[in-house]
Amino acid sequence: MTDAARTTPLGVTDSVAVLKFGGSTFRSHAAYDQLAAGLEERLEREGRRLAVVVSAMQGETETMRGRLHEVNAHPEDATSAGMLATADLISAHLLATALHRRGRTATVLAGHQIGLTTNSSFLWARVIETDPGPLSRTLGEYEVVVVPGGQAVDAQGRPTWLGKNSSDLSAIAVARAVGATACEIHSDVDGIYTSDPHLVRGARLLPDVSFNMAALMSLYGAKVLHRRAVQLALRHGIEIVCRYNRAPFSRGTTISREGAQMAAIVFNQRSVVLAYDSDDIADCAHGVFHAAGIDTVRLTEKPWVAVVGGFVDLEAVQRRQNLKPGSYVGVPVAQIRGSKVTTHIAESGEDALHLAQTLHDKLDLPDADRARRQPSYAGV
């Protein structure tokens with residue numbers, strides 16, 4: 001069954017709540033027990049089974065990456081996928097054991113058990129088949145099923161990774177498999193803002209955002225959601241509810257078909273713009289990155305390609321395709337108004353921050369009443 005095909009969901013759509021918690025949730029081992037307490041409260045309040053997707057503890061994936069590169073500066077993608085995915089698996093087992101300590105029934109379904117099959121782009125894999133059976137059966141036996149984010153296997157059963165920050169994508173895939181109409185994404189911000197609220201003064205919360213707007217912001221480097229997760233949610237009509245990842249788990253942005261198109265300034269200080277010798281070579285480079293599953297934007301004014309989000313061995317990807325590496329231009333800063341995007345180039349990550357602040361200060365922002373957070377409640 002292909003990803004575009006319909007799956008057979010669990011018998012009752014509302015019988016399972018799908019939640020995702022990013023790595024910033026787990027700043028210490030005590031955080032697992034704190035989250036377990038919140039999940040327990042929700043179990044008792046709603047009586048629904050929980051499918052919980054988790055990311056690795058902060059810094060764990062990059063620690064794994066560093067250890068791997070100490071042994072081989074340019075490891076094979078299949079090896080990297082197998083190594084990096086273990087960080088999320090450890091996090092899943094830590095949450096499961098915290099739930100066990102509280103007397104709740106919980107288990108972990110790892111990438112080879114969950115029913116997601118991908119292509120063989122090992123580090124930026126795309127889901128091509130979904131089997132809802134494993135989740136359905138396991139949720140029939142346990143109150144909580146914990147899923148490590150970003151994990152899957154290819155058709156040969158080899159470990160694949162859905163990419164950096166891909167727990168969102170795993171969560172939407174899980175929601176689709178169990179027939180859920182909504183998926184709750186918990187992170188260190190409670191929703192989508194007009195710019196990064198940790199870096200840009202005056203950033204406003206956007207309470208209702210369209211799928212297309214969220215996907216566009218993600219493509220240009222917004223860190224709140226994985227772009228392919230938004231696209232998958234749009235394709236299957238799964239509403240995304242963004243929440244803060246600590247009590248009282250306040251609700252911020254809802255992403256849906258009815259959401260608004262807004263204005264925003266989007267940047268990621270790890271993104272880079274690469275210049276090539278001609279439009280043909282830039283087009284080829286864009287195609288190479290896209291085929292590898294790496295988010296890029298072909299900037300049409302010049303033979304430039306923006307590679308979004310970092311954590312990519314750009315030299316290795318280009319070398320494998322016998323492509324002359326592009327030269328560094330700067331860091332892209334996107335000014336978005338509805339579906340229109342104007343890309344500015346800053347010389348460095350620090351310059352990108354200053355430019356983003358300047359552009360944001362000039363935005364025609366929504367009224368404070370429209371941007372106000374929605375009511376929160378205690379418990380997950």
# chains A, B, ... in the order shown; residues from 1 in each chain; ligands from 1
>>> select_by_dssp(residues="region 14-255 of chain A", states="strand (DSSP E or B)", output="NGL selection string")
:A and (16-21 or 49-54 or 106-108 or 116-118 or 127-130 or 144-148 or 151-154 or 159-161 or 182-187 or 193 or 205 or 208-210 or 239-244 or 251-255)
>>> residues_around(residues="Lys20 (chain A)", least_positions_apart="6", cutoff="8 Å", atoms="only C-alpha atoms", output="PyMOL selection string")
chain A and resi 52-54+167-168+171+183-186
>>> closest_atom_pairs(of="region 170-229 of chain A", to="region 247-265 of chain A", cutoff="7 Å", atoms="only C-alpha atoms", output="JSON lines")
{"residue": "A:Asp190", "atom": "CA", "partner": "A:Gly252", "partner_atom": "CA", "distance": 4.7}
{"residue": "A:Gly191", "atom": "CA", "partner": "A:Thr253", "partner_atom": "CA", "distance": 4.6}
{"residue": "A:Ile192", "atom": "CA", "partner": "A:Thr253", "partner_atom": "CA", "distance": 6.0}
{"residue": "A:Thr194", "atom": "CA", "partner": "A:Ala264", "partner_atom": "CA", "distance": 4.3}
{"residue": "A:Ser195", "atom": "CA", "partner": "A:Ile265", "partner_atom": "CA", "distance": 5.2}
{"residue": "A:Leu206", "atom": "CA", "partner": "A:Thr253", "partner_atom": "CA", "distance": 6.1}
{"residue": "A:Pro207", "atom": "CA", "partner": "A:Thr253", "partner_atom": "CA", "distance": 4.3}
{"residue": "A:Asp208", "atom": "CA", "partner": "A:Gly259", "partner_atom": "CA", "distance": 4.9}
{"residue": "A:Val209", "atom": "CA", "partner": "A:Gly259", "partner_atom": "CA", "distance": 4.1}
{"residue": "A:Ser210", "atom": "CA", "partner": "A:Gly259", "partner_atom": "CA", "distance": 3.8}
{"residue": "A:Phe211", "atom": "CA", "partner": "A:Ser256", "partner_atom": "CA", "distance": 5.6}
{"residue": "A:Met213", "atom": "CA", "partner": "A:Gln261", "partner_atom": "CA", "distance": 5.8}
>>> residues_around(residues="Gly82 (chain A)", least_positions_apart="4", cutoff="10 Å", atoms="only C-alpha atoms", output="ChimeraX atom specification")
/A:77-78,86,122-123,151,153,158-161
>>> residues_around(residues="Ala106 (chain A)", least_positions_apart="2", cutoff="7 Å", atoms="only C-alpha atoms", output="ChimeraX atom specification")
/A:96,99-100,104,142-145
>>> write_last_selection(atoms="all heavy atoms", output="PDB file, in the first residue's frame")
ATOM      1  N   ALA A  96       9.246   5.129  28.496  1.00  0.00           N
ATOM      2  CA  ALA A  96       8.489   3.916  28.800  1.00  0.00           C
ATOM      3  C   ALA A  96       8.758   3.437  30.220  1.00  0.00           C
ATOM      4  O   ALA A  96       7.829   3.079  30.958  1.00  0.00           O
ATOM      5  CB  ALA A  96       8.825   2.818  27.791  1.00  0.00           C
ATOM      6  N   LEU A  99       6.990   5.502  32.772  1.00  0.00           N
ATOM      7  CA  LEU A  99       5.578   5.130  32.869  1.00  0.00           C
ATOM      8  C   LEU A  99       5.407   3.831  33.651  1.00  0.00           C
ATOM      9  O   LEU A  99       4.483   3.681  34.449  1.00  0.00           O
ATOM     10  CB  LEU A  99       4.979   4.992  31.470  1.00  0.00           C
ATOM     11  CG  LEU A  99       4.749   6.314  30.720  1.00  0.00           C
ATOM     12  CD1 LEU A  99       4.608   6.077  29.226  1.00  0.00           C
ATOM     13  CD2 LEU A  99       3.503   7.024  31.256  1.00  0.00           C
ATOM     14  N   HIS A 100       6.326   2.879  33.429  1.00  0.00           N
ATOM     15  CA  HIS A 100       6.266   1.619  34.184  1.00  0.00           C
ATOM     16  C   HIS A 100       6.372   1.891  35.688  1.00  0.00           C
ATOM     17  O   HIS A 100       5.678   1.258  36.500  1.00  0.00           O
ATOM     18  CB  HIS A 100       7.417   0.697  33.762  1.00  0.00           C
ATOM     19  CG  HIS A 100       7.337   0.264  32.334  1.00  0.00           C
ATOM     20  ND1 HIS A 100       8.441  -0.181  31.635  1.00  0.00           N
ATOM     21  CD2 HIS A 100       6.284   0.225  31.471  1.00  0.00           C
ATOM     22  CE1 HIS A 100       8.067  -0.483  30.400  1.00  0.00           C
ATOM     23  NE2 HIS A 100       6.784  -0.249  30.276  1.00  0.00           N
ATOM     24  N   ARG A 104       1.832   2.160  34.855  1.00  0.00           N
ATOM     25  CA  ARG A 104       1.083   2.199  33.607  1.00  0.00           C
ATOM     26  C   ARG A 104       1.655   1.179  32.624  1.00  0.00           C
ATOM     27  O   ARG A 104       2.850   0.873  32.645  1.00  0.00           O
ATOM     28  CB  ARG A 104       1.131   3.585  32.971  1.00  0.00           C
ATOM     29  CG  ARG A 104       0.876   4.747  33.891  1.00  0.00           C
ATOM     30  CD  ARG A 104      -0.372   4.669  34.751  1.00  0.00           C
ATOM     31  NE  ARG A 104      -1.618   4.493  34.030  1.00  0.00           N
ATOM     32  CZ  ARG A 104      -2.806   4.918  34.479  1.00  0.00           C
ATOM     33  NH1 ARG A 104      -2.881   5.553  35.661  1.00  0.00           N
ATOM     34  NH2 ARG A 104      -3.905   4.701  33.794  1.00  0.00           N
ATOM     35  N   TYR A 142      -1.682  -2.095  25.213  1.00  0.00           N
ATOM     36  CA  TYR A 142      -1.000  -1.167  26.117  1.00  0.00           C
ATOM     37  C   TYR A 142      -1.720   0.172  26.168  1.00  0.00           C
ATOM     38  O   TYR A 142      -2.315   0.615  25.183  1.00  0.00           O
ATOM     39  CB  TYR A 142       0.448  -0.942  25.673  1.00  0.00           C
ATOM     40  CG  TYR A 142       1.316  -2.170  25.738  1.00  0.00           C
ATOM     41  CD1 TYR A 142       1.399  -3.051  24.649  1.00  0.00           C
ATOM     42  CD2 TYR A 142       2.047  -2.464  26.887  1.00  0.00           C
ATOM     43  CE1 TYR A 142       2.201  -4.183  24.701  1.00  0.00           C
ATOM     44  CE2 TYR A 142       2.854  -3.592  26.953  1.00  0.00           C
ATOM     45  CZ  TYR A 142       2.916  -4.445  25.863  1.00  0.00           C
ATOM     46  OH  TYR A 142       3.710  -5.575  25.925  1.00  0.00           O
ATOM     47  N   GLU A 143      -1.606   0.840  27.309  1.00  0.00           N
ATOM     48  CA  GLU A 143      -2.181   2.181  27.434  1.00  0.00           C
ATOM     49  C   GLU A 143      -1.395   3.202  26.618  1.00  0.00           C
ATOM     50  O   GLU A 143      -1.962   4.134  26.055  1.00  0.00           O
ATOM     51  CB  GLU A 143      -2.169   2.611  28.907  1.00  0.00           C
ATOM     52  CG  GLU A 143      -3.078   1.799  29.808  1.00  0.00           C
ATOM     53  CD  GLU A 143      -2.879   2.188  31.261  1.00  0.00           C
ATOM     54  OE1 GLU A 143      -1.738   2.059  31.769  1.00  0.00           O
ATOM     55  OE2 GLU A 143      -3.865   2.623  31.890  1.00  0.00           O
ATOM     56  N   VAL A 144      -0.072   3.038  26.595  1.00  0.00           N
ATOM     57  CA  VAL A 144       0.797   3.979  25.893  1.00  0.00           C
ATOM     58  C   VAL A 144       1.765   3.207  25.004  1.00  0.00           C
ATOM     59  O   VAL A 144       2.434   2.271  25.464  1.00  0.00           O
ATOM     60  CB  VAL A 144       1.606   4.863  26.869  1.00  0.00           C
ATOM     61  CG1 VAL A 144       2.439   5.889  26.097  1.00  0.00           C
ATOM     62  CG2 VAL A 144       0.685   5.551  27.874  1.00  0.00           C
ATOM     63  N   VAL A 145       1.834   3.606  23.746  1.00  0.00           N
ATOM     64  CA  VAL A 145       2.862   3.096  22.837  1.00  0.00           C
ATOM     65  C   VAL A 145       3.802   4.255  22.539  1.00  0.00           C
ATOM     66  O   VAL A 145       3.372   5.307  22.060  1.00  0.00           O
ATOM     67  CB  VAL A 145       2.259   2.545  21.538  1.00  0.00           C
ATOM     68  CG1 VAL A 145       3.364   2.166  20.557  1.00  0.00           C
ATOM     69  CG2 VAL A 145       1.381   1.331  21.833  1.00  0.00           C
TER      70      VAL A 145
END
>>> residues_around(residues="Gln269 (chain A)", least_positions_apart="5", cutoff="10 Å", atoms="only C-alpha atoms", output="list of chain:residue names")
A:Gly221, A:Val308, A:Gly309, A:Gly310, A:Gly330, A:Val331, A:Pro332, A:Val333, A:Ala346, A:Ser348, A:Gly349, A:Glu350, A:Asp351, A:Ala352, A:Leu353
>>> closest_residue(among="A:Arg246, A:Arg65, A:Arg45, A:Arg270", to="Ala87 (chain A)", atoms="only C-alpha atoms")
A:Arg65
>>> decode(residues="region 272-308 of chain A", atoms="N, CA, C and O atoms", output="PDB file, in the first residue's frame")
ATOM      1  N   VAL A 272      22.476  27.857   4.313  1.00  0.00           N
ATOM      2  CA  VAL A 272      23.497  28.523   3.499  1.00  0.00           C
ATOM      3  C   VAL A 272      22.985  28.685   2.073  1.00  0.00           C
ATOM      4  O   VAL A 272      22.174  27.895   1.595  1.00  0.00           O
ATOM      5  N   VAL A 273      23.481  29.730   1.413  1.00  0.00           N
ATOM      6  CA  VAL A 273      23.239  29.921  -0.012  1.00  0.00           C
ATOM      7  C   VAL A 273      24.538  29.603  -0.747  1.00  0.00           C
ATOM      8  O   VAL A 273      25.604  30.112  -0.393  1.00  0.00           O
ATOM      9  N   LEU A 274      24.446  28.734  -1.759  1.00  0.00           N
ATOM     10  CA  LEU A 274      25.597  28.338  -2.560  1.00  0.00           C
ATOM     11  C   LEU A 274      25.461  28.894  -3.969  1.00  0.00           C
ATOM     12  O   LEU A 274      24.380  28.851  -4.563  1.00  0.00           O
ATOM     13  N   ALA A 275      26.568  29.408  -4.500  1.00  0.00           N
ATOM     14  CA  ALA A 275      26.585  29.961  -5.856  1.00  0.00           C
ATOM     15  C   ALA A 275      27.260  28.977  -6.798  1.00  0.00           C
ATOM     16  O   ALA A 275      28.276  28.351  -6.454  1.00  0.00           O
ATOM     17  N   TYR A 276      26.691  28.851  -8.009  1.00  0.00           N
ATOM     18  CA  TYR A 276      27.243  27.964  -9.029  1.00  0.00           C
ATOM     19  C   TYR A 276      27.579  28.773 -10.275  1.00  0.00           C
ATOM     20  O   TYR A 276      27.181  29.934 -10.420  1.00  0.00           O
ATOM     21  N   ASP A 277      28.314  28.154 -11.205  1.00  0.00           N
ATOM     22  CA  ASP A 277      28.843  28.884 -12.359  1.00  0.00           C
ATOM     23  C   ASP A 277      27.783  29.237 -13.392  1.00  0.00           C
ATOM     24  O   ASP A 277      27.986  30.147 -14.203  1.00  0.00           O
ATOM     25  N   SER A 278      26.670  28.510 -13.404  1.00  0.00           N
ATOM     26  CA  SER A 278      25.627  28.780 -14.392  1.00  0.00           C
ATOM     27  C   SER A 278      24.282  28.319 -13.855  1.00  0.00           C
ATOM     28  O   SER A 278      24.199  27.572 -12.873  1.00  0.00           O
ATOM     29  N   ASP A 279      23.215  28.766 -14.515  1.00  0.00           N
ATOM     30  CA  ASP A 279      21.874  28.337 -14.125  1.00  0.00           C
ATOM     31  C   ASP A 279      21.710  26.831 -14.285  1.00  0.00           C
ATOM     32  O   ASP A 279      21.053  26.178 -13.467  1.00  0.00           O
ATOM     33  N   ASP A 280      22.288  26.276 -15.336  1.00  0.00           N
ATOM     34  CA  ASP A 280      22.168  24.832 -15.567  1.00  0.00           C
ATOM     35  C   ASP A 280      22.792  24.039 -14.421  1.00  0.00           C
ATOM     36  O   ASP A 280      22.232  23.037 -13.960  1.00  0.00           O
ATOM     37  N   ILE A 281      23.961  24.484 -13.952  1.00  0.00           N
ATOM     38  CA  ILE A 281      24.636  23.772 -12.858  1.00  0.00           C
ATOM     39  C   ILE A 281      23.856  23.956 -11.558  1.00  0.00           C
ATOM     40  O   ILE A 281      23.712  23.027 -10.764  1.00  0.00           O
ATOM     41  N   ALA A 282      23.315  25.166 -11.347  1.00  0.00           N
ATOM     42  CA  ALA A 282      22.506  25.403 -10.151  1.00  0.00           C
ATOM     43  C   ALA A 282      21.253  24.529 -10.169  1.00  0.00           C
ATOM     44  O   ALA A 282      20.857  23.958  -9.136  1.00  0.00           O
ATOM     45  N   ASP A 283      20.627  24.415 -11.348  1.00  0.00           N
ATOM     46  CA  ASP A 283      19.453  23.540 -11.475  1.00  0.00           C
ATOM     47  C   ASP A 283      19.821  22.099 -11.159  1.00  0.00           C
ATOM     48  O   ASP A 283      19.066  21.377 -10.488  1.00  0.00           O
ATOM     49  N   CYS A 284      20.979  21.673 -11.655  1.00  0.00           N
ATOM     50  CA  CYS A 284      21.448  20.308 -11.403  1.00  0.00           C
ATOM     51  C   CYS A 284      21.695  20.090  -9.909  1.00  0.00           C
ATOM     52  O   CYS A 284      21.288  19.065  -9.347  1.00  0.00           O
ATOM     53  N   ALA A 285      22.339  21.060  -9.261  1.00  0.00           N
ATOM     54  CA  ALA A 285      22.618  20.953  -7.823  1.00  0.00           C
ATOM     55  C   ALA A 285      21.321  20.873  -7.035  1.00  0.00           C
ATOM     56  O   ALA A 285      21.182  20.063  -6.113  1.00  0.00           O
ATOM     57  N   HIS A 286      20.358  21.707  -7.390  1.00  0.00           N
ATOM     58  CA  HIS A 286      19.044  21.684  -6.725  1.00  0.00           C
ATOM     59  C   HIS A 286      18.415  20.301  -6.861  1.00  0.00           C
ATOM     60  O   HIS A 286      17.877  19.746  -5.894  1.00  0.00           O
ATOM     61  N   GLY A 287      18.514  19.716  -8.049  1.00  0.00           N
ATOM     62  CA  GLY A 287      17.976  18.385  -8.276  1.00  0.00           C
ATOM     63  C   GLY A 287      18.686  17.318  -7.470  1.00  0.00           C
ATOM     64  O   GLY A 287      18.064  16.392  -6.951  1.00  0.00           O
ATOM     65  N   VAL A 288      20.013  17.446  -7.361  1.00  0.00           N
ATOM     66  CA  VAL A 288      20.814  16.489  -6.591  1.00  0.00           C
ATOM     67  C   VAL A 288      20.398  16.514  -5.125  1.00  0.00           C
ATOM     68  O   VAL A 288      20.178  15.463  -4.501  1.00  0.00           O
ATOM     69  N   PHE A 289      20.291  17.704  -4.565  1.00  0.00           N
ATOM     70  CA  PHE A 289      19.893  17.817  -3.158  1.00  0.00           C
ATOM     71  C   PHE A 289      18.470  17.298  -2.957  1.00  0.00           C
ATOM     72  O   PHE A 289      18.182  16.603  -1.984  1.00  0.00           O
ATOM     73  N   HIS A 290      17.583  17.642  -3.874  1.00  0.00           N
ATOM     74  CA  HIS A 290      16.194  17.201  -3.746  1.00  0.00           C
ATOM     75  C   HIS A 290      16.102  15.680  -3.795  1.00  0.00           C
ATOM     76  O   HIS A 290      15.365  15.064  -3.015  1.00  0.00           O
ATOM     77  N   ALA A 291      16.849  15.065  -4.719  1.00  0.00           N
ATOM     78  CA  ALA A 291      16.833  13.603  -4.836  1.00  0.00           C
ATOM     79  C   ALA A 291      17.338  12.945  -3.562  1.00  0.00           C
ATOM     80  O   ALA A 291      16.911  11.829  -3.218  1.00  0.00           O
ATOM     81  N   ALA A 292      18.239  13.627  -2.849  1.00  0.00           N
ATOM     82  CA  ALA A 292      18.765  13.096  -1.591  1.00  0.00           C
ATOM     83  C   ALA A 292      17.837  13.382  -0.417  1.00  0.00           C
ATOM     84  O   ALA A 292      18.129  12.981   0.715  1.00  0.00           O
ATOM     85  N   GLY A 293      16.714  14.076  -0.675  1.00  0.00           N
ATOM     86  CA  GLY A 293      15.754  14.370   0.386  1.00  0.00           C
ATOM     87  C   GLY A 293      16.093  15.593   1.209  1.00  0.00           C
ATOM     88  O   GLY A 293      15.533  15.799   2.284  1.00  0.00           O
ATOM     89  N   ILE A 294      17.010  16.434   0.716  1.00  0.00           N
ATOM     90  CA  ILE A 294      17.463  17.615   1.454  1.00  0.00           C
ATOM     91  C   ILE A 294      16.672  18.834   0.991  1.00  0.00           C
ATOM     92  O   ILE A 294      16.545  19.085  -0.211  1.00  0.00           O
ATOM     93  N   ASP A 295      16.138  19.599   1.940  1.00  0.00           N
ATOM     94  CA  ASP A 295      15.362  20.780   1.593  1.00  0.00           C
ATOM     95  C   ASP A 295      16.247  21.864   0.991  1.00  0.00           C
ATOM     96  O   ASP A 295      17.220  22.309   1.620  1.00  0.00           O
ATOM     97  N   THR A 296      15.906  22.278  -0.209  1.00  0.00           N
ATOM     98  CA  THR A 296      16.614  23.372  -0.867  1.00  0.00           C
ATOM     99  C   THR A 296      15.601  24.279  -1.560  1.00  0.00           C
ATOM    100  O   THR A 296      14.492  23.858  -1.877  1.00  0.00           O
ATOM    101  N   VAL A 297      16.021  25.514  -1.794  1.00  0.00           N
ATOM    102  CA  VAL A 297      15.220  26.462  -2.559  1.00  0.00           C
ATOM    103  C   VAL A 297      16.095  26.988  -3.690  1.00  0.00           C
ATOM    104  O   VAL A 297      17.213  27.465  -3.448  1.00  0.00           O
ATOM    105  N   ARG A 298      15.618  26.869  -4.899  1.00  0.00           N
ATOM    106  CA  ARG A 298      16.344  27.403  -6.061  1.00  0.00           C
ATOM    107  C   ARG A 298      16.007  28.883  -6.172  1.00  0.00           C
ATOM    108  O   ARG A 298      14.871  29.270  -6.470  1.00  0.00           O
ATOM    109  N   LEU A 299      16.999  29.726  -5.899  1.00  0.00           N
ATOM    110  CA  LEU A 299      16.811  31.175  -5.973  1.00  0.00           C
ATOM    111  C   LEU A 299      17.008  31.605  -7.419  1.00  0.00           C
ATOM    112  O   LEU A 299      18.083  31.420  -7.985  1.00  0.00           O
ATOM    113  N   THR A 300      15.964  32.167  -8.016  1.00  0.00           N
ATOM    114  CA  THR A 300      15.951  32.347  -9.469  1.00  0.00           C
ATOM    115  C   THR A 300      16.685  33.586  -9.960  1.00  0.00           C
ATOM    116  O   THR A 300      16.999  33.680 -11.141  1.00  0.00           O
ATOM    117  N   GLU A 301      16.966  34.549  -9.069  1.00  0.00           N
ATOM    118  CA  GLU A 301      17.607  35.781  -9.530  1.00  0.00           C
ATOM    119  C   GLU A 301      19.021  35.531 -10.061  1.00  0.00           C
ATOM    120  O   GLU A 301      19.496  36.194 -10.982  1.00  0.00           O
ATOM    121  N   LYS A 302      19.707  34.548  -9.454  1.00  0.00           N
ATOM    122  CA  LYS A 302      21.070  34.194  -9.845  1.00  0.00           C
ATOM    123  C   LYS A 302      21.202  32.677  -9.764  1.00  0.00           C
ATOM    124  O   LYS A 302      20.303  32.005  -9.263  1.00  0.00           O
ATOM    125  N   PRO A 303      22.319  32.102 -10.246  1.00  0.00           N
ATOM    126  CA  PRO A 303      22.504  30.651 -10.143  1.00  0.00           C
ATOM    127  C   PRO A 303      22.868  30.237  -8.718  1.00  0.00           C
ATOM    128  O   PRO A 303      23.964  29.757  -8.438  1.00  0.00           O
ATOM    129  N   TRP A 304      21.923  30.440  -7.821  1.00  0.00           N
ATOM    130  CA  TRP A 304      22.132  30.187  -6.402  1.00  0.00           C
ATOM    131  C   TRP A 304      21.123  29.160  -5.887  1.00  0.00           C
ATOM    132  O   TRP A 304      19.978  29.095  -6.360  1.00  0.00           O
ATOM    133  N   VAL A 305      21.549  28.396  -4.896  1.00  0.00           N
ATOM    134  CA  VAL A 305      20.688  27.412  -4.246  1.00  0.00           C
ATOM    135  C   VAL A 305      20.803  27.596  -2.735  1.00  0.00           C
ATOM    136  O   VAL A 305      21.927  27.620  -2.197  1.00  0.00           O
ATOM    137  N   ALA A 306      19.678  27.744  -2.048  1.00  0.00           N
ATOM    138  CA  ALA A 306      19.667  27.820  -0.588  1.00  0.00           C
ATOM    139  C   ALA A 306      19.453  26.419  -0.035  1.00  0.00           C
ATOM    140  O   ALA A 306      18.469  25.759  -0.366  1.00  0.00           O
ATOM    141  N   VAL A 307      20.396  25.958   0.781  1.00  0.00           N
ATOM    142  CA  VAL A 307      20.281  24.668   1.456  1.00  0.00           C
ATOM    143  C   VAL A 307      19.835  24.965   2.887  1.00  0.00           C
ATOM    144  O   VAL A 307      20.530  25.663   3.628  1.00  0.00           O
ATOM    145  N   VAL A 308      18.682  24.431   3.257  1.00  0.00           N
ATOM    146  CA  VAL A 308      17.997  24.881   4.465  1.00  0.00           C
ATOM    147  C   VAL A 308      18.296  23.980   5.662  1.00  0.00           C
ATOM    148  O   VAL A 308      18.202  22.759   5.567  1.00  0.00           O
TER     149      VAL A 308
END
